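One structure below.
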Amino acid sequence: MSHDDAGPRLLRLFEGHRLTPAQRRIAHCLVQHAGEAAFLSSVEVAELAGVSQPSVTRFAMALGFDGYPALRRQLRELGSPETVVQDEAGEATEEEAPNELQRAVLAEIAHLRRLAGTLA
């Protein structure tokens with residue numbers, strides 16, 4: 001899912017649902033992190049959104065899913081094989097990842113780079 005169309009796709013998933021303020025923060029967080037949202041755990045989403053982990057589960061259920069894993073599967077289905085990564089010079093590039101495992105690894109690399117940047 002490219003960053004240009006990922007947000008609108010996620011927004012369509014949330015349309016028509018009455019969300020609490022905490023659930024709106026979760027939705028906003030998922031849109032902000034659309035490129036990696038399908039690979040984040042419920043605990044990671046909770047931390048990014050500033051809510052509790054059970055709030056993330058309730059959010060998924062408010063959208064009609066059995067729980068967060070079902071929502072995450074839907075997010076993965078919405079995605080495409082493009083993942084933004086940094087090259088050796090630190091420049092952002094789009095890289096084709098042919099399968100879900102490679103996309104997950106690339107998303108985790110991007111996540112770890114962001115974490116390293118916040119710790120610097």
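Residue numbers start at 1 in each chain; chains themselves are named A, B, ... in the order of the structure tokens; ligands are numbered from 1 in the order shown.
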Q.
Can you tell me which residues surround segment 13-25 of chain A at a distance of at most 8 Å, considering only C-alpha atoms, apart from same-chain residues fewer than 6 positions away, and format the answer as JSON, numbers by chain?
A. {"A": [49, 50, 51, 55, 56, 59, 62, 63]}
For the residues in the current selection, export all heavy atoms as a PDB file, in the first residue's frame.
ATOM      1  N   ALA A  49      -0.891   5.160  19.775  1.00  0.00           N
ATOM      2  CA  ALA A  49      -2.108   5.960  19.893  1.00  0.00           C
ATOM      3  C   ALA A  49      -2.290   6.552  21.293  1.00  0.00           C
ATOM      4  O   ALA A  49      -3.152   7.402  21.491  1.00  0.00           O
ATOM      5  CB  ALA A  49      -3.322   5.110  19.528  1.00  0.00           C
ATOM      6  N   GLY A  50      -1.505   6.079  22.260  1.00  0.00           N
ATOM      7  CA  GLY A  50      -1.640   6.570  23.625  1.00  0.00           C
ATOM      8  C   GLY A  50      -2.892   6.055  24.318  1.00  0.00           C
ATOM      9  O   GLY A  50      -3.522   6.775  25.095  1.00  0.00           O
ATOM     10  N   VAL A  51      -3.245   4.808  24.018  1.00  0.00           N
ATOM     11  CA  VAL A  51      -4.414   4.174  24.629  1.00  0.00           C
ATOM     12  C   VAL A  51      -3.993   2.825  25.195  1.00  0.00           C
ATOM     13  O   VAL A  51      -2.868   2.388  25.005  1.00  0.00           O
ATOM     14  CB  VAL A  51      -5.568   3.995  23.603  1.00  0.00           C
ATOM     15  CG1 VAL A  51      -6.005   5.334  23.032  1.00  0.00           C
ATOM     16  CG2 VAL A  51      -5.170   3.041  22.485  1.00  0.00           C
ATOM     17  N   SER A  55      -8.285  -1.221  24.561  1.00  0.00           N
ATOM     18  CA  SER A  55      -8.972  -0.244  23.707  1.00  0.00           C
ATOM     19  C   SER A  55      -8.792  -0.587  22.234  1.00  0.00           C
ATOM     20  O   SER A  55      -9.706  -0.388  21.427  1.00  0.00           O
ATOM     21  CB  SER A  55      -8.458   1.171  23.974  1.00  0.00           C
ATOM     22  OG  SER A  55      -8.839   1.604  25.250  1.00  0.00           O
ATOM     23  N   VAL A  56      -7.628  -1.107  21.880  1.00  0.00           N
ATOM     24  CA  VAL A  56      -7.377  -1.500  20.491  1.00  0.00           C
ATOM     25  C   VAL A  56      -8.264  -2.687  20.128  1.00  0.00           C
ATOM     26  O   VAL A  56      -8.847  -2.725  19.036  1.00  0.00           O
ATOM     27  CB  VAL A  56      -5.881  -1.822  20.259  1.00  0.00           C
ATOM     28  CG1 VAL A  56      -5.635  -2.322  18.847  1.00  0.00           C
ATOM     29  CG2 VAL A  56      -5.027  -0.589  20.547  1.00  0.00           C
ATOM     30  N   PHE A  59     -11.732  -1.416  19.694  1.00  0.00           N
ATOM     31  CA  PHE A  59     -11.798  -0.690  18.430  1.00  0.00           C
ATOM     32  C   PHE A  59     -12.056  -1.668  17.280  1.00  0.00           C
ATOM     33  O   PHE A  59     -12.939  -1.454  16.450  1.00  0.00           O
ATOM     34  CB  PHE A  59     -10.482   0.069  18.206  1.00  0.00           C
ATOM     35  CG  PHE A  59     -10.318   0.648  16.834  1.00  0.00           C
ATOM     36  CD1 PHE A  59     -11.038   1.756  16.433  1.00  0.00           C
ATOM     37  CD2 PHE A  59      -9.429   0.071  15.935  1.00  0.00           C
ATOM     38  CE1 PHE A  59     -10.880   2.298  15.167  1.00  0.00           C
ATOM     39  CE2 PHE A  59      -9.258   0.603  14.676  1.00  0.00           C
ATOM     40  CZ  PHE A  59      -9.992   1.721  14.287  1.00  0.00           C
ATOM     41  N   ALA A  62     -15.535  -2.852  17.444  1.00  0.00           N
ATOM     42  CA  ALA A  62     -16.484  -1.808  17.046  1.00  0.00           C
ATOM     43  C   ALA A  62     -16.597  -1.725  15.529  1.00  0.00           C
ATOM     44  O   ALA A  62     -17.631  -1.317  14.994  1.00  0.00           O
ATOM     45  CB  ALA A  62     -16.053  -0.457  17.623  1.00  0.00           C
ATOM     46  N   LEU A  63     -15.529  -2.123  14.826  1.00  0.00           N
ATOM     47  CA  LEU A  63     -15.540  -2.128  13.364  1.00  0.00           C
ATOM     48  C   LEU A  63     -16.167  -3.405  12.806  1.00  0.00           C
ATOM     49  O   LEU A  63     -16.287  -3.549  11.589  1.00  0.00           O
ATOM     50  CB  LEU A  63     -14.118  -1.980  12.817  1.00  0.00           C
ATOM     51  CG  LEU A  63     -13.416  -0.655  13.114  1.00  0.00           C
ATOM     52  CD1 LEU A  63     -12.000  -0.678  12.550  1.00  0.00           C
ATOM     53  CD2 LEU A  63     -14.190   0.527  12.568  1.00  0.00           C
TER      54      LEU A  63
END
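For Leu75 of chain A, the set of protein, DNA and RNA residues having any atom at most 6 Å away, when counting only C-alpha atoms and skipping those fewer than 3 positions along the same chain, is Ala38, Arg72 and Leu78 of chain A.
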Selection above as a file: N, CA and C atoms, as an mmCIF file, in the first residue's frame:
data_model
loop_
_atom_site.group_PDB
_atom_site.id
_atom_site.type_symbol
_atom_site.label_atom_id
_atom_site.label_comp_id
_atom_site.auth_asym_id
_atom_site.auth_seq_id
_atom_site.Cartn_x
_atom_site.Cartn_y
_atom_site.Cartn_z
ATOM 1 N N ALA A 38 -0.486 -2.839 9.106
ATOM 2 C CA ALA A 38 -0.846 -4.258 9.023
ATOM 3 C C ALA A 38 0.152 -5.157 9.739
ATOM 4 N N ARG A 72 -6.233 -6.847 11.672
ATOM 5 C CA ARG A 72 -4.898 -6.819 11.069
ATOM 6 C C ARG A 72 -4.862 -7.621 9.769
ATOM 7 N N LEU A 78 -5.722 -5.181 2.429
ATOM 8 C CA LEU A 78 -5.817 -3.872 1.776
ATOM 9 C C LEU A 78 -4.476 -3.425 1.201
#
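In this model, the gap between atom CA of Glu108 of chain A and atom CA of Leu40 of chain A comes to 8.7 Å.
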